[in-house]
>>> print(open('protein_19.cif').read())   # mmCIF, C-alpha atoms
data_target
loop_
_atom_site.label_atom_id
_atom_site.label_comp_id
_atom_site.auth_asym_id
_atom_site.auth_seq_id
_atom_site.Cartn_x
_atom_site.Cartn_y
_atom_site.Cartn_z
CA MET A 229 0.00 0.00 0.00
CA LYS A 230 2.89 2.36 0.80
CA ARG A 231 4.35 2.00 -2.68
CA PHE A 232 0.93 2.58 -4.25
CA VAL A 233 0.59 5.83 -2.29
CA THR A 234 4.06 6.82 -3.53
CA ALA A 235 3.02 6.15 -7.13
CA GLU A 236 -0.23 8.08 -6.72
CA ARG A 237 1.59 11.05 -5.21
CA ALA A 238 4.16 11.04 -8.01
CA LEU A 239 1.39 11.21 -10.62
CA ARG A 240 -0.53 13.92 -8.75
CA THR A 241 2.56 16.15 -8.51
CA ALA A 242 4.11 15.50 -11.95
CA ALA A 243 4.11 18.16 -14.64
CA PRO A 244 1.27 17.57 -17.13
CA ASP A 245 3.63 16.48 -19.91
CA GLN A 246 5.74 14.28 -17.60
CA LEU A 247 3.16 11.72 -16.40
CA LEU A 248 4.77 8.80 -18.23
CA ASP A 249 8.22 9.70 -16.89
CA ALA A 250 6.80 9.93 -13.36
CA VAL A 251 5.07 6.55 -13.50
CA ARG A 252 8.18 4.98 -15.05
CA ARG A 253 10.37 6.15 -12.18
CA VAL A 254 8.02 4.85 -9.51
CA LEU A 255 7.36 1.51 -11.17
CA THR A 256 11.07 0.97 -11.76
CA GLU A 257 12.05 1.84 -8.18
CA HIS A 258 9.18 0.21 -6.26
CA TYR A 259 7.83 -2.55 -8.53
CA ALA A 260 11.05 -3.73 -10.25
CA ALA A 261 9.64 -2.77 -13.65
CA GLU A 262 12.10 -3.13 -16.53
CA SER A 263 10.10 -1.04 -19.01
CA VAL A 264 6.89 1.00 -18.99
CA GLU A 265 4.91 2.36 -21.95
CA LEU A 266 1.63 4.21 -22.29
CA PHE A 267 -0.40 3.58 -25.46
CA MET A 268 -3.18 6.01 -26.42
CA ALA A 269 -6.15 5.05 -28.62
CA ASP A 270 -6.32 7.06 -31.83
CA TYR A 271 -9.41 9.00 -32.91
CA GLY A 272 -10.57 6.21 -35.20
CA LEU A 273 -10.18 3.60 -32.43
CA THR A 274 -8.19 1.44 -34.82
CA ILE A 275 -4.69 1.63 -33.33
CA LEU A 276 -2.93 2.31 -30.03
CA GLN A 277 0.06 4.63 -30.20
CA PRO A 278 2.94 4.97 -27.72
CA VAL A 279 3.44 8.30 -25.96
CA SER A 280 7.23 7.78 -26.08
CA GLY A 281 8.95 9.35 -29.04
CA LEU A 282 6.48 12.15 -29.69
CA PRO A 283 5.99 14.24 -31.75
CA GLN A 284 6.89 11.46 -34.23
CA VAL A 285 4.32 8.73 -33.57
CA GLN A 286 5.62 5.27 -34.42
CA ASP A 287 5.43 1.63 -33.35
CA SER A 288 1.66 1.66 -33.08
CA VAL A 289 -0.21 -1.59 -32.36
CA PRO A 290 -3.70 -2.76 -33.34
CA ALA A 291 -6.58 -1.76 -31.07
CA HIS A 292 -8.58 -4.96 -31.68
CA HIS A 293 -6.03 -7.79 -31.46
CA GLY A 294 -2.60 -8.55 -30.07
CA PRO A 295 -1.70 -8.36 -26.36
CA VAL A 296 -2.21 -4.59 -26.02
CA GLY A 297 -5.38 -4.65 -28.10
CA ARG A 298 -6.81 -7.51 -26.04
CA ALA A 299 -6.44 -5.49 -22.84
CA PHE A 300 -8.02 -2.47 -24.52
CA GLY A 301 -10.93 -4.34 -26.07
CA ALA A 302 -11.78 -6.56 -23.09
CA GLN A 303 -11.05 -3.81 -20.54
CA GLU A 304 -9.22 -6.35 -18.43
CA ALA A 305 -5.55 -6.83 -17.59
CA PHE A 306 -3.77 -9.17 -20.01
CA ILE A 307 -0.55 -10.95 -18.99
CA GLU A 308 1.88 -11.58 -21.86
CA GLY A 309 4.69 -14.07 -21.24
CA LEU A 310 8.15 -12.95 -22.37
CA ALA A 311 11.61 -14.50 -22.46
CA ASP A 312 13.96 -14.78 -19.45
CA GLY A 313 11.15 -15.18 -16.93
CA LEU A 314 9.65 -11.74 -17.62
CA VAL A 315 6.02 -10.88 -18.23
CA CYS A 316 4.34 -7.78 -19.61
CA LEU A 317 1.17 -6.63 -17.86
CA HIS A 318 -1.13 -4.74 -20.21
CA LEU A 319 -3.53 -2.64 -18.11
CA PRO A 320 -6.53 -0.65 -19.41
CA VAL A 321 -6.32 3.11 -18.86
CA THR A 322 -9.97 4.09 -18.50
CA VAL A 323 -11.82 6.95 -16.81
CA ARG A 324 -15.48 6.33 -15.88
CA GLY A 325 -15.91 4.08 -18.88
CA ASP A 326 -14.04 6.31 -21.35
CA ARG A 327 -11.30 4.10 -22.78
CA LEU A 328 -8.13 6.15 -23.24
CA GLY A 329 -5.49 3.50 -23.81
CA VAL A 330 -3.28 0.87 -22.18
CA LEU A 331 -0.37 0.97 -19.73
CA SER A 332 2.16 -1.80 -20.46
CA VAL A 333 4.58 -2.78 -17.69
CA THR A 334 7.38 -5.36 -18.10
CA LEU A 335 8.56 -6.95 -14.84
CA PRO A 336 9.66 -10.32 -13.36
CA GLY A 337 7.00 -13.01 -13.63
CA GLY A 338 5.75 -15.54 -11.13
CA SER A 339 4.52 -14.48 -7.71
CA HIS A 340 5.99 -10.98 -8.05
CA ALA A 341 3.78 -10.17 -11.03
CA ARG A 342 0.71 -11.67 -9.36
CA ASP A 343 1.34 -9.66 -6.19
CA CYS A 344 1.71 -6.43 -8.19
CA LEU A 345 -1.23 -6.87 -10.56
CA ALA A 346 -4.01 -5.31 -8.45
CA GLU A 347 -1.93 -2.28 -7.45
CA LEU A 348 -0.69 -1.72 -11.00
CA ALA A 349 -4.27 -1.85 -12.29
CA GLU A 350 -5.17 0.90 -9.80
CA ILE A 351 -2.15 2.94 -10.84
CA ALA A 352 -3.31 2.69 -14.47
CA GLU A 353 -6.68 4.06 -13.38
CA VAL A 354 -5.05 6.96 -11.53
CA LEU A 355 -2.91 7.64 -14.59
CA GLY A 356 -6.04 7.87 -16.71
CA HIS A 357 -7.57 10.51 -14.45
CA GLU A 358 -4.33 12.49 -14.50
CA VAL A 359 -4.15 12.33 -18.31
CA VAL A 360 -7.66 13.80 -18.57
CA VAL A 361 -6.70 16.67 -16.26
CA ALA A 362 -3.33 17.17 -17.97
CA GLU A 363 -4.93 17.60 -21.40
CA ARG A 364 -6.04 21.05 -20.30
CA ASP A 365 -2.39 22.14 -20.12
CA THR A 366 -0.45 20.03 -22.66
CA ASP A 367 -0.94 18.62 -26.16
CA VAL A 368 1.23 15.55 -25.55
CA TYR A 369 -1.61 13.06 -25.10
CA LEU A 370 -3.77 14.62 -27.82
CA GLN A 371 -0.85 14.26 -30.24
CA ALA A 372 -0.54 10.59 -29.31
CA ARG A 373 -4.21 10.06 -30.22
CA ARG A 374 -3.75 10.91 -33.90
CA LYS A 375 -2.09 8.78 -36.56
CA ASP A 376 -2.71 11.44 -39.21
CA ARG A 377 -3.19 15.17 -39.19
CA LEU A 378 -6.75 16.24 -38.42
CA THR A 379 -8.46 18.77 -40.65
CA LEU A 380 -9.21 22.03 -38.86
CA ALA A 381 -12.93 21.19 -38.94
CA ALA A 382 -12.27 17.81 -37.32
CA GLU A 383 -10.07 19.44 -34.67
CA MET A 384 -12.95 21.76 -33.76
CA GLN A 385 -15.46 18.91 -33.68
CA TRP A 386 -13.36 16.58 -31.50
CA GLN A 387 -12.82 19.37 -28.97
CA LEU A 388 -16.61 19.60 -28.59
CA LEU A 389 -17.15 15.95 -27.68
CA PRO A 390 -17.60 14.73 -24.08
CA GLY A 391 -15.67 11.49 -24.66
CA ARG A 392 -16.27 8.30 -26.64
CA SER A 393 -17.75 6.16 -23.91
CA CYS A 394 -19.22 6.53 -20.45
CA SER A 395 -20.30 4.04 -17.80
CA ARG A 396 -22.59 4.36 -14.80
CA PRO A 397 -24.59 1.82 -12.80
CA GLU A 398 -27.72 2.74 -14.76
CA PHE A 399 -26.27 2.75 -18.30
CA ASP A 400 -23.31 2.32 -20.62
CA LEU A 401 -22.69 4.67 -23.55
CA GLY A 402 -20.40 4.34 -26.56
CA ALA A 403 -20.03 6.61 -29.58
CA GLN A 404 -17.89 7.00 -32.68
CA LEU A 405 -17.61 9.40 -35.61
CA GLU A 406 -16.21 8.60 -39.06
CA PRO A 407 -14.25 9.67 -40.98
CA ALA A 408 -12.41 10.45 -37.75
CA TYR A 409 -9.80 12.75 -39.27
CA ALA A 410 -12.07 14.81 -41.57
CA ILE A 411 -15.41 15.26 -39.78
CA PHE A 412 -18.09 17.47 -41.33
CA GLY A 413 -21.03 18.44 -39.09
CA ASP A 414 -22.14 15.42 -37.03
CA ASN A 415 -21.81 15.59 -33.25
CA PHE A 416 -22.93 13.94 -30.02
CA ASP A 417 -23.09 15.25 -26.49
CA TRP A 418 -24.17 13.89 -23.11
CA SER A 419 -24.36 14.93 -19.49
CA ALA A 420 -25.57 13.04 -16.42
CA THR A 421 -26.73 14.14 -12.97
CA ALA A 422 -27.87 12.08 -10.00
CA ASP A 423 -31.28 11.44 -11.56
CA ARG A 424 -31.12 12.08 -15.30
CA LEU A 425 -29.11 11.57 -18.45
CA MET A 426 -29.20 14.14 -21.25
CA LEU A 427 -28.20 12.85 -24.69
CA TYR A 428 -27.98 14.85 -27.92
CA LEU A 429 -27.20 13.79 -31.50
CA SER A 430 -26.84 16.47 -34.15
CA ASN A 431 -26.21 16.74 -37.87
CA GLY A 432 -25.34 20.17 -39.27
CA MET A 433 -25.56 21.41 -42.84
CA GLY A 434 -22.57 21.79 -45.10
CA GLU A 435 -19.03 20.59 -44.74
CA GLY A 436 -15.64 21.68 -43.51
CA ILE A 437 -15.24 24.81 -41.42
CA GLU A 438 -18.75 26.11 -42.11
CA ALA A 439 -20.34 22.90 -40.82
CA SER A 440 -18.08 22.91 -37.79
CA LEU A 441 -18.88 26.54 -36.94
CA LEU A 442 -22.61 25.81 -37.17
CA THR A 443 -22.29 22.75 -34.93
CA ASN A 444 -20.16 24.64 -32.39
CA LEU A 445 -22.76 27.39 -32.14
CA ALA A 446 -25.68 24.98 -31.73
CA VAL A 447 -23.98 22.62 -29.27
CA ASN A 448 -22.80 25.46 -27.05
CA ALA A 449 -26.27 27.04 -27.16
CA LEU A 450 -27.76 23.70 -26.03
CA ARG A 451 -25.18 23.40 -23.25
CA ASN A 452 -25.85 26.96 -22.12
CA ALA A 453 -29.57 26.24 -21.89
CA ARG A 454 -29.04 22.87 -20.17
CA ARG A 455 -26.74 24.39 -17.57
CA ALA A 456 -29.42 26.99 -16.85
CA ASN A 457 -31.75 24.05 -15.94
CA LEU A 458 -34.15 24.75 -18.79
CA SER A 459 -36.52 22.03 -19.95
CA LEU A 460 -35.72 19.96 -23.03
CA ALA A 461 -38.17 21.92 -25.19
CA ASP A 462 -36.78 25.24 -23.97
CA GLN A 463 -33.24 24.08 -24.67
CA ALA A 464 -34.25 23.38 -28.26
CA ALA A 465 -36.01 26.75 -28.55
CA LEU A 466 -33.01 28.69 -27.21
CA ALA A 467 -30.59 26.91 -29.53
CA ASP A 468 -33.01 27.44 -32.43
CA GLN A 469 -33.05 31.17 -31.75
CA ALA A 470 -29.25 31.33 -31.47
CA VAL A 471 -28.74 29.58 -34.82
CA TYR A 472 -31.45 31.61 -36.58
CA ALA A 473 -30.12 34.90 -35.19
CA HIS A 474 -26.74 34.20 -36.76
CA TYR A 475 -27.69 32.50 -40.04
CA GLN A 476 -31.21 33.88 -40.69
CA GLY A 477 -32.39 30.49 -41.95
CA ARG A 478 -29.54 30.00 -44.46
CA CYS A 479 -28.09 27.18 -42.36
CA TYR A 480 -29.73 24.92 -39.82
CA LEU A 481 -29.00 21.85 -37.75
CA SER A 482 -30.88 18.60 -37.19
CA VAL A 483 -30.88 17.32 -33.62
CA LEU A 484 -32.35 14.41 -31.66
CA MET A 485 -32.53 15.25 -27.93
CA PHE A 486 -33.27 12.94 -25.00
CA GLU A 487 -33.77 13.31 -21.26
CA PHE A 488 -33.70 9.94 -19.46
CA ASP A 489 -35.06 9.63 -15.93
CA LEU A 490 -32.55 7.30 -14.29
CA THR A 491 -34.99 6.17 -11.60
CA SER A 492 -38.05 5.36 -13.72
CA GLY A 493 -36.84 4.85 -17.29
CA ARG A 494 -39.23 7.50 -18.59
CA VAL A 495 -37.78 9.50 -21.45
CA GLN A 496 -38.61 12.85 -22.99
CA VAL A 497 -37.50 13.41 -26.57
CA VAL A 498 -37.42 16.28 -29.04
CA ASP A 499 -36.96 15.09 -32.62
CA ALA A 500 -35.82 18.07 -34.70
CA GLY A 501 -34.26 16.45 -37.72
CA SER A 502 -32.60 13.45 -39.29
CA PRO A 503 -30.79 11.30 -36.64
CA GLN A 504 -32.67 8.04 -36.03
CA MET A 505 -33.01 5.53 -33.19
CA LEU A 506 -33.26 1.74 -33.27
CA ARG A 507 -34.03 -0.45 -30.26
CA LEU A 508 -32.88 -3.98 -29.50
CA ARG A 509 -35.32 -5.53 -27.03
CA GLY A 510 -35.84 -9.22 -26.44
CA GLY A 511 -33.70 -10.14 -29.44
CA LYS A 512 -35.77 -8.02 -31.85
CA VAL A 513 -34.50 -4.86 -33.55
CA GLU A 514 -36.99 -2.17 -34.53
CA ARG A 515 -36.83 1.48 -35.46
CA VAL A 516 -38.52 3.83 -33.01
CA THR A 517 -40.00 6.91 -34.65
CA PHE A 518 -41.05 10.21 -33.17
CA GLU A 519 -43.04 13.17 -34.45
CA ALA A 520 -40.60 15.14 -36.57
CA GLN A 521 -40.21 18.84 -35.82
CA LEU A 522 -38.27 21.59 -37.57
CA PRO A 523 -34.46 21.61 -37.44
CA LEU A 524 -32.82 24.24 -35.26
CA GLY A 525 -32.45 27.60 -36.98
CA MET A 526 -34.67 26.94 -40.01
CA PHE A 527 -37.30 29.51 -38.99
CA GLU A 528 -37.56 32.23 -36.36
CA GLU A 529 -38.98 31.34 -32.90
CA THR A 530 -40.01 27.75 -33.52
CA ASP A 531 -41.83 26.06 -30.63
CA TYR A 532 -40.79 22.51 -29.74
CA LEU A 533 -42.97 19.92 -28.03
CA PRO A 534 -41.45 16.96 -26.14
CA GLN A 535 -42.74 13.43 -26.63
CA GLU A 536 -42.41 10.53 -24.22
CA PHE A 537 -41.49 6.86 -24.27
CA GLU A 538 -40.00 4.37 -21.81
CA VAL A 539 -36.90 2.21 -21.72
CA GLU A 540 -36.70 -1.11 -19.93
CA PRO A 541 -33.73 -2.80 -18.26
CA GLY A 542 -31.85 -4.74 -20.93
CA ASP A 543 -32.78 -2.37 -23.78
CA ARG A 544 -30.07 -1.41 -26.22
CA LEU A 545 -30.69 1.84 -28.11
CA VAL A 546 -28.60 2.61 -31.20
CA PHE A 547 -28.65 6.10 -32.70
CA VAL A 548 -27.38 6.82 -36.21
CA SER A 549 -27.03 9.83 -38.48
CA ASP A 550 -28.06 9.94 -42.13
CA GLY A 551 -24.41 9.29 -42.98
CA VAL A 552 -25.11 5.71 -41.84
CA TYR A 553 -28.58 4.72 -43.01
CA ALA A 554 -28.45 6.67 -46.29
CA VAL A 555 -25.04 5.39 -47.46
CA ALA A 556 -25.21 3.72 -50.87
CA SER A 557 -23.33 0.63 -52.04
CA PRO A 558 -21.41 0.69 -55.35
CA GLY A 559 -24.62 -0.66 -56.89
CA GLY A 560 -26.72 2.18 -55.48
CA GLU A 561 -28.44 0.23 -52.67
CA THR A 562 -28.83 2.29 -49.48
CA TYR A 563 -27.74 0.80 -46.19
CA GLY A 564 -31.20 1.23 -44.66
CA ASP A 565 -33.08 -0.29 -41.75
CA ALA A 566 -32.63 -3.94 -42.72
CA ALA A 567 -28.84 -3.77 -42.87
CA LEU A 568 -28.74 -1.70 -39.68
CA ALA A 569 -30.93 -4.24 -37.89
CA ARG A 570 -28.59 -7.06 -38.97
CA ALA A 571 -25.54 -5.11 -37.78
CA ILE A 572 -27.13 -4.35 -34.42
CA ALA A 573 -28.23 -7.95 -33.94
CA SER A 574 -24.78 -9.28 -34.85
CA THR A 575 -23.11 -7.02 -32.25
CA ARG A 576 -25.55 -7.80 -29.43
CA LEU A 577 -22.86 -9.54 -27.34
CA LEU A 578 -20.40 -6.65 -27.57
CA PRO A 579 -20.24 -3.98 -24.86
CA ALA A 580 -21.76 -0.60 -25.76
CA ALA A 581 -18.34 1.01 -26.25
CA GLU A 582 -17.47 -1.53 -28.98
CA VAL A 583 -20.76 -1.41 -30.90
CA PRO A 584 -20.31 1.90 -32.82
CA GLY A 585 -16.97 0.83 -34.25
CA ALA A 586 -18.31 -2.58 -35.25
CA VAL A 587 -21.33 -1.03 -37.01
CA LEU A 588 -19.10 1.47 -38.82
CA ARG A 589 -16.84 -1.35 -40.03
CA GLU A 590 -19.91 -3.09 -41.46
CA LEU A 591 -20.87 0.20 -43.13
CA THR A 592 -17.43 0.47 -44.72
CA GLY A 593 -17.90 -2.99 -46.21
CA HIS A 594 -21.27 -1.94 -47.63
CA ARG A 595 -19.84 1.25 -49.15
CA GLY A 596 -16.94 -0.58 -50.78
CA ASP A 597 -14.09 1.48 -52.21
CA THR A 598 -16.26 4.57 -52.58
CA ALA A 599 -15.02 7.49 -50.46
CA ALA A 600 -17.37 8.65 -47.70
CA SER A 601 -19.32 11.76 -48.75
CA ASP A 602 -20.79 12.48 -45.30
CA ASP A 603 -20.13 11.93 -41.61
CA ALA A 604 -21.25 8.66 -40.07
CA LEU A 605 -22.26 8.85 -36.41
CA VAL A 606 -23.22 5.85 -34.25
CA VAL A 607 -24.09 6.04 -30.55
CA CYS A 608 -25.02 3.00 -28.45
CA LEU A 609 -26.83 3.14 -25.10
CA ASP A 610 -27.24 0.03 -22.94
CA TRP A 611 -29.90 0.65 -20.33
CA ARG A 612 -29.94 -1.11 -16.97
CA GLY A 613 -31.94 1.40 -14.96
CA ARG A 614 -31.57 2.04 -11.27
CA GLN A 615 -31.66 -1.04 -9.10
CA PRO A 616 -33.95 -0.98 -6.03
#
>>> encode(input="protein_19.cif", output="structure tokens")
Amino acid sequence: MKRFVTAERALRTAAPDQLLDAVRRVLTEHYAAESVELFMADYGLTILQPVSGLPQVQDSVPAHHGPVGRAFGAQEAFIEGLADGLVCLHLPVTVRGDRLGVLSVTLPGGSHARDCLAELAEIAEVLGHEVVVAERDTDVYLQARRKDRLTLAAEMQWQLLPGRSCSRPEFDLGAQLEPAYAIFGDNFDWSATADRLMLYLSNGMGEGIEASLLTNLAVNALRNARRANLSLADQAALADQAVYAHYQGRCYLSVLMFEFDLTSGRVQVVDAGSPQMLRLRGGKVERVTFEAQLPLGMFEETDYLPQEFEVEPGDRLVFVSDGVYAVASPGGETYGDAALARAIASTRLLPAAEVPGAVLRELTGHRGDTAASDDALVVCLDWRGRQP
């Protein structure tokens, strides 16, 4: 316990860009570690990249297979046997369900490794929290997340997002945007309190910087209204006014907004545009439709009316943008509800954080070699509800 406290203190007091150096020193001195590396998941969630050697990112490893990828995908420690009696412990670096990467520690095997495993797993968790805080003051970990240069529009969009996954006793959330390095106008946002979850999915007009500016304005208007404790309908109305005041109806934004009651499973929804929702319940996938209302900013002073539905423990809700269900194959066949239902059913055993990536990989197969002409957004919500 004393050495764990030493490691925790070293991470808490390290300079933001020196977290890996700090954890290396402690693990070498107190845990007999021979090498330590931190791998960060890239924006596309396809590879894990080492923080060492930045700004030149090299020696990346797959995010879905191999020893490091197995720890990342399963969110469990994976022990890799090495030569000369050494082992490498690959430990997930995750913060409240948001999967950041993997900490890999090489040390003597046998009883020493078994005795260290629990403490090292906790140190990896502490490291994750410190990375999130450090990103306010350094670009080191953000650089390690990218295998290619982001477009300026994508940079603006990624800075808006809350994370790519989130876990609480009542629910698990996972989300992914593609193409990750050249996003247009799609976005997701969420926020949870003791008794409710707010979830937003948006799809702005246009592409590039103009789409990103529109999305930034609308998302921040929604956040401003939410943080003022306005109702869901009033949040939509305020954001609608903000977008219309700036663009005068020339540009607008589609949004699907939810407020989940964590205690009862009752949900309020405002459907102001094109994102869609499918539900997996009892092994059956079906699309859930709502009364469509006007996108934000299309006309001046639009009134929005919330609708209601309920979720049940065990429900999986999958939300997609038109860049998913409207994608055409080389032969002109749109992806559509049937293909989406098959993709959702085939991923039913995966955790929520893994579902968006799996669906997007299926979409890539459907599209073939044709370049994506629009964003593709997938969000997955697994609902457990509050236990008595």
>>> resolve_selection(input="protein_19.cif", expression="the PyMOL selection byres ((chain A and resi 289-304) around 8)", output="ChimeraX atom specification")
/A:269,273-277,287-288,305-308,318-320,327,329-330,332,582
>>> atom_distance(input="protein_19.cif", atom1="CA of Leu335 (chain A)", atom2="CA of Thr366 (chain A)")
29.5 Å
>>> resolve_selection(input="protein_19.cif", expression="the PyMOL selection byres ((chain A and resi 538) around 7)", output="PyMOL selection string")
chain A and resi 493-495+537+539-540
>>> write_last_selection(input="protein_19.cif", atoms="C-alpha atoms", output="JSON list (two decimals), keeping the file's coordinate frame")
[["chain", "number", "residue", "atom", "x", "y", "z"],
["A", 493, "GLY", "CA", -36.84, 4.85, -17.29],
["A", 494, "ARG", "CA", -39.23, 7.50, -18.59],
["A", 495, "VAL", "CA", -37.78, 9.50, -21.45],
["A", 537, "PHE", "CA", -41.49, 6.86, -24.27],
["A", 539, "VAL", "CA", -36.90, 2.21, -21.72],
["A", 540, "GLU", "CA", -36.70, -1.11, -19.93]]
>>> resolve_selection(input="protein_19.cif", expression="the PyMOL selection byres ((chain A and resi 606) around 6)", output="MDAnalysis selection string")
chainID A and resid 403:404 547:548 584 605 607
>>> atom_distance(input="protein_19.cif", atom1="CA of Leu506 (chain A)", atom2="CA of Arg454 (chain A)")
25.2 Å
>>> build_atoms(input="protein_19.cif", residues="region 532-554 of chain A", atoms="N, CA and C atoms", output="compact mmCIF listing (two decimals), in the coordinates of the input")
# COMPACT_ATOMS: atom_id res chain seq x y z
N TYR A 532 -41.06 23.95 -29.73
CA TYR A 532 -40.79 22.51 -29.74
C TYR A 532 -41.59 21.83 -28.64
N LEU A 533 -42.16 20.67 -28.97
CA LEU A 533 -42.97 19.92 -28.03
C LEU A 533 -42.29 18.57 -27.74
N PRO A 534 -42.07 18.25 -26.47
CA PRO A 534 -41.45 16.96 -26.14
C PRO A 534 -42.45 15.82 -26.27
N GLN A 535 -41.95 14.66 -26.63
CA GLN A 535 -42.74 13.43 -26.63
C GLN A 535 -42.15 12.51 -25.56
N GLU A 536 -42.85 11.42 -25.27
CA GLU A 536 -42.41 10.53 -24.22
C GLU A 536 -42.40 9.08 -24.68
N PHE A 537 -41.48 8.31 -24.14
CA PHE A 537 -41.49 6.86 -24.27
C PHE A 537 -40.74 6.30 -23.06
N GLU A 538 -40.66 4.99 -22.96
CA GLU A 538 -40.00 4.37 -21.81
C GLU A 538 -38.96 3.36 -22.27
N VAL A 539 -37.88 3.26 -21.50
CA VAL A 539 -36.90 2.21 -21.72
C VAL A 539 -37.01 1.20 -20.59
N GLU A 540 -36.64 -0.03 -20.91
CA GLU A 540 -36.70 -1.11 -19.93
C GLU A 540 -35.31 -1.67 -19.70
N PRO A 541 -35.03 -2.18 -18.51
CA PRO A 541 -33.73 -2.80 -18.26
C PRO A 541 -33.43 -3.87 -19.31
N GLY A 542 -32.23 -3.82 -19.87
CA GLY A 542 -31.85 -4.74 -20.93
C GLY A 542 -31.99 -4.17 -22.33
N ASP A 543 -32.66 -3.01 -22.47
CA ASP A 543 -32.78 -2.37 -23.78
C ASP A 543 -31.43 -1.89 -24.27
N ARG A 544 -31.20 -2.05 -25.55
CA ARG A 544 -30.07 -1.41 -26.22
C ARG A 544 -30.63 -0.44 -27.26
N LEU A 545 -30.27 0.82 -27.15
CA LEU A 545 -30.69 1.84 -28.11
C LEU A 545 -29.48 2.23 -28.96
N VAL A 546 -29.66 2.23 -30.27
CA VAL A 546 -28.60 2.61 -31.20
C VAL A 546 -29.08 3.79 -32.02
N PHE A 547 -28.30 4.86 -32.01
CA PHE A 547 -28.65 6.10 -32.70
C PHE A 547 -27.69 6.29 -33.86
N VAL A 548 -28.22 6.67 -35.01
CA VAL A 548 -27.38 6.82 -36.21
C VAL A 548 -27.76 8.09 -36.95
N SER A 549 -26.78 8.67 -37.63
CA SER A 549 -27.03 9.83 -38.48
C SER A 549 -27.35 9.37 -39.89
N ASP A 550 -27.73 10.32 -40.75
CA ASP A 550 -28.06 9.94 -42.13
C ASP A 550 -26.82 9.48 -42.89
N GLY A 551 -25.63 9.80 -42.37
CA GLY A 551 -24.41 9.29 -42.98
C GLY A 551 -24.22 7.80 -42.78
N VAL A 552 -25.12 7.17 -42.02
CA VAL A 552 -25.11 5.71 -41.84
C VAL A 552 -26.22 5.10 -42.68
N TYR A 553 -27.47 5.45 -42.37
CA TYR A 553 -28.58 4.72 -43.01
C TYR A 553 -28.80 5.11 -44.47
N ALA A 554 -28.25 6.26 -44.91
CA ALA A 554 -28.45 6.67 -46.29
C ALA A 554 -27.27 6.35 -47.19
